[in-house]
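Encoded as structure tokens, the structure appears first; notes follow it.
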Amino acid sequence: MSRRDLSRNPRFEQVSPEVGELDEAAVDEALQADPDDTMALLADLTAATDPKLRELARRLAGRLFLDVSRRGPVRPRGVGKLVEQPYRPDGGDLDLDASLEAIGEARATGGAVDVQRLRIRGWARPGTALCLMVDRSGSMGGKPLATSAVAAAAVAWRSPADYSVVAFGKDVVVAKSQDVYKDGDRVINDVLTLRGFGTTDLAGALTAARLQLHRSQAGRRIAVLLSDCRATVEGDVIAAAASLDELLIIAPEGDSDEAYKLAAAVGAKITCVAGPSGVAEALSKLLDD
């Protein structure tokens with residue numbers, strides 16, 4: 001976006017008084033006055049034609065959106081931990097301290113070690129896995145784009161070891177795979193590169209979320225849909241949604257009729273947000289209810 005395009009936002013000259021400049025103090029001041037509008041502007045700045053301004057905006061957006069996402073309560077984060085477990089050949093490293101007695105008795109008698117008494121140190125199953133689906137069809141910029149980026153930050157913060165992000169419009173794109181590590185800042189910036197594109201393959205997105213979540217060993221696997229749920233590509237949306245273990249829907253305030261219909265049809269939890277500043281709290285509410 002050119003400076004001319006960006007200047008349509010009345011705060012633009014305040015946060016970027018000169019070419020290649022981004023005044024972080026001015027951004028902070030603008031956030032206090034209107035957080036949604038400021039985050040929308042920052043999302044648009046990540047597509048600026050000015051390369052220096054674009055890079056500065058991307059760095060600031062990564063930090064800022066992660067900070068916004070952390071303001072809600074964080075409960076089950078899905079992070080596994082090393083614990084003592086019964087022996088399995090592929091389960092982890094042998095816990096020598098816990099297995100010492102069984103090994104010592106076997107050596108003393110010259111017999112075989114009783115594997116039932118051996119212990120390993122292995123990763124406990126994570127509690128919660130999340131897959132976020134962000135709708136990139138139609139108009140994707142400003143507040144909708146910033147809302148998607150904050151939502152991505154929120155799932156990364158809540159379940160850093162077990163989450164995925166799927167973007168969908170005409171095509172379905174996996175921005176972050178469930179079982180592949182990717183830095184949170186990078187995930188946010190990848191989401192910020194999304195722009196509006198054509199039709200909406202909602203069934204395809206729900207199917208992709210199910211496939212991503214099936215890669216997880218978590219006890220609770222949750223799909224989070226950020227969309228107005230207005231499908232324009234053929235596909236059985238109800239069947240795809242019903243195939244998920246849990247579905248949470250976050251719809252845009254004022255454009256949620258189709259989302260509520262889908263939620264009622266499949267028993268999904270749903271809430272609405274007016275902009276990016278509310279999405280982390282909305283996700284917390286749905287997860288913790």
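Ligands are numbered from 1 in the order shown, residues from 1 within each chain, and chains are lettered A, B, ... in the order they appear in the structure tokens.
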
Find the spatial neighbours of Ala98 in chain A, counting only C-alpha atoms, within a cut-off of 9 Å - ignore same-chain residues fewer than 2 positions away - and output them as a short mmCIF file (atom, residue, chain, number, x, y, z; two decimals) with C-alpha atoms, in the first residue's frame.
```cif
data_model
loop_
_atom_site.label_atom_id
_atom_site.label_comp_id
_atom_site.auth_asym_id
_atom_site.auth_seq_id
_atom_site.Cartn_x
_atom_site.Cartn_y
_atom_site.Cartn_z
CA GLU A 84 7.95 -41.06 35.29
CA LEU A 94 15.21 -45.27 31.00
CA ASP A 95 14.86 -43.70 34.47
CA LEU A 96 17.85 -45.33 36.18
CA LEU A 100 17.71 -49.35 39.94
CA GLU A 101 16.14 -51.85 42.32
CA ALA A 102 14.79 -54.06 39.53
CA ARG A 117 9.22 -52.78 37.25
CA LEU A 118 11.24 -50.58 34.91
CA ARG A 119 10.43 -46.89 34.54
CA ILE A 120 11.15 -44.34 31.83
#
```

I'd like to know which of A:Ala26, A:Val166, A:Val191, A:Val237 is closest to Met133 in chain A, using only C-alpha atoms.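 Checking each of A:Ala26, A:Val166, A:Val191, A:Val237 against Met133 in chain A, counting only C-alpha atoms, the winner is A:Val166.
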
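By chain and then residue number, the residues within 9 Å of Leu145 in chain A are Ala40, Ala43, Asp44, Arg136, Val191, Leu192, Thr193, Leu194, Arg195 and Pro276 of chain A, counting only C-alpha atoms and disregarding those fewer than 6 positions away in sequence.
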
Written selection (C-alpha atoms) as a short mmCIF file (atom, residue, chain, number, x, y, z; two decimals), in the first residue's frame:
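Just written: selection10.cif:
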```cif
data_model
loop_
_atom_site.label_atom_id
_atom_site.label_comp_id
_atom_site.auth_asym_id
_atom_site.auth_seq_id
_atom_site.Cartn_x
_atom_site.Cartn_y
_atom_site.Cartn_z
CA ALA A 40 -6.00 -2.17 11.92
CA ALA A 43 -1.88 -4.52 9.93
CA ASP A 44 -2.15 -2.37 6.79
CA ARG A 136 -9.27 -14.73 4.11
CA VAL A 191 -1.03 -14.29 8.72
CA LEU A 192 -0.47 -10.57 8.10
CA THR A 193 0.58 -11.34 4.50
CA LEU A 194 -2.93 -12.66 3.80
CA ARG A 195 -5.19 -10.52 1.68
CA PRO A 276 -8.87 -7.26 17.23
#
```

Residues within 12 Å of Ser277 in chain A, only C-alpha atoms, excluding chain neighbours under 4 positions, as a ChimeraX atom specification: /A:31-32,34-40,64-72,143-144,146-151,154,273,281-283

With N, CA and C atoms kept, could you save the residues just selected as a short mmCIF file (atom, residue, chain, number, x, y, z; two decimals), in the first residue's frame?
```
data_model
loop_
_atom_site.label_atom_id
_atom_site.label_comp_id
_atom_site.auth_asym_id
_atom_site.auth_seq_id
_atom_site.Cartn_x
_atom_site.Cartn_y
_atom_site.Cartn_z
N LEU A 31 -2.86 3.60 20.51
CA LEU A 31 -3.48 2.40 21.07
C LEU A 31 -4.35 2.73 22.28
N GLN A 32 -3.88 3.67 23.09
CA GLN A 32 -4.65 4.06 24.26
C GLN A 32 -5.97 4.70 23.85
N ASP A 34 -7.60 4.39 20.67
CA ASP A 34 -8.47 3.52 19.87
C ASP A 34 -7.68 2.27 19.47
N PRO A 35 -7.68 1.24 20.31
CA PRO A 35 -6.85 0.06 20.03
C PRO A 35 -7.22 -0.66 18.73
N ASP A 36 -8.50 -0.81 18.45
CA ASP A 36 -8.90 -1.53 17.24
C ASP A 36 -8.45 -0.81 15.98
N ASP A 37 -8.68 0.50 15.93
CA ASP A 37 -8.30 1.28 14.75
C ASP A 37 -6.79 1.29 14.58
N THR A 38 -6.06 1.35 15.68
CA THR A 38 -4.60 1.38 15.60
C THR A 38 -4.03 0.04 15.15
N MET A 39 -4.57 -1.04 15.66
CA MET A 39 -4.11 -2.36 15.21
C MET A 39 -4.48 -2.60 13.75
N ALA A 40 -5.62 -2.07 13.33
CA ALA A 40 -6.00 -2.17 11.92
C ALA A 40 -4.99 -1.43 11.04
N LEU A 64 3.44 -6.61 19.40
CA LEU A 64 2.22 -6.02 19.92
C LEU A 64 1.08 -7.02 19.96
N PHE A 65 0.89 -7.78 18.89
CA PHE A 65 -0.23 -8.72 18.83
C PHE A 65 -0.03 -9.86 19.83
N LEU A 66 1.21 -10.27 20.04
CA LEU A 66 1.46 -11.27 21.08
C LEU A 66 1.12 -10.72 22.45
N ASP A 67 1.47 -9.45 22.69
CA ASP A 67 1.17 -8.83 23.98
C ASP A 67 -0.34 -8.74 24.19
N VAL A 68 -1.07 -8.33 23.17
CA VAL A 68 -2.53 -8.24 23.28
C VAL A 68 -3.13 -9.60 23.56
N SER A 69 -2.59 -10.64 22.93
CA SER A 69 -3.13 -11.99 23.07
C SER A 69 -2.94 -12.54 24.48
N ARG A 70 -1.99 -12.01 25.23
CA ARG A 70 -1.68 -12.53 26.57
C ARG A 70 -2.52 -11.90 27.66
N ARG A 71 -3.40 -11.00 27.33
CA ARG A 71 -4.15 -10.29 28.36
C ARG A 71 -5.28 -11.12 28.94
N GLY A 72 -5.72 -12.14 28.21
CA GLY A 72 -6.75 -13.01 28.75
C GLY A 72 -6.15 -14.06 29.65
N LYS A 143 -9.06 -4.06 10.11
CA LYS A 143 -9.53 -4.76 11.31
C LYS A 143 -9.64 -6.27 11.12
N PRO A 144 -10.24 -6.77 10.02
CA PRO A 144 -10.31 -8.23 9.86
C PRO A 144 -8.93 -8.89 9.86
N ALA A 146 -6.10 -7.64 11.22
CA ALA A 146 -5.53 -7.53 12.57
C ALA A 146 -6.18 -8.52 13.53
N THR A 147 -7.49 -8.73 13.38
CA THR A 147 -8.19 -9.70 14.24
C THR A 147 -7.66 -11.10 14.01
N SER A 148 -7.42 -11.46 12.76
CA SER A 148 -6.86 -12.78 12.45
C SER A 148 -5.47 -12.95 13.05
N ALA A 149 -4.65 -11.89 12.97
CA ALA A 149 -3.29 -11.96 13.50
C ALA A 149 -3.29 -12.09 15.02
N VAL A 150 -4.17 -11.34 15.70
CA VAL A 150 -4.24 -11.46 17.16
C VAL A 150 -4.77 -12.84 17.56
N ALA A 151 -5.71 -13.37 16.79
CA ALA A 151 -6.23 -14.72 17.07
C ALA A 151 -5.11 -15.76 16.94
N ALA A 154 -3.01 -15.54 19.91
CA ALA A 154 -3.68 -16.08 21.09
C ALA A 154 -3.58 -17.60 21.16
N VAL A 273 -17.03 -10.74 18.00
CA VAL A 273 -16.08 -9.69 18.36
C VAL A 273 -16.24 -8.52 17.41
N GLU A 281 -9.86 -12.23 24.47
CA GLU A 281 -10.83 -12.44 25.56
C GLU A 281 -11.95 -13.36 25.10
N ALA A 282 -12.38 -13.22 23.84
CA ALA A 282 -13.44 -14.08 23.30
C ALA A 282 -12.99 -15.54 23.28
N LEU A 283 -11.75 -15.76 22.86
CA LEU A 283 -11.22 -17.13 22.84
C LEU A 283 -11.14 -17.69 24.26
#
```

Neighbour list for Ser7 in chain A as a list in words, cut-off 12 Å, only C-alpha atoms, skip fewer than 2 positions in-chain: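 Residues meeting the cut-off are Met1, Ser2, Arg3, Arg4, Asp5, Asn9, Pro10, Arg11, Phe12, Glu13, Gln14, Val15, Ser16, Pro17, Glu18, Leu41, Asp44, Leu45 and Ala48 of chain A.
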
When you look at Gln212 in chain A with a cut-off of 10 Å (counting only C-alpha atoms), what residues show up, excluding the ones that are within fewer than 6 positions of it in the same chain? I need them as number ranges by chain. A: 129-131, 163-166, 174, 176-179, 206, 221, 223
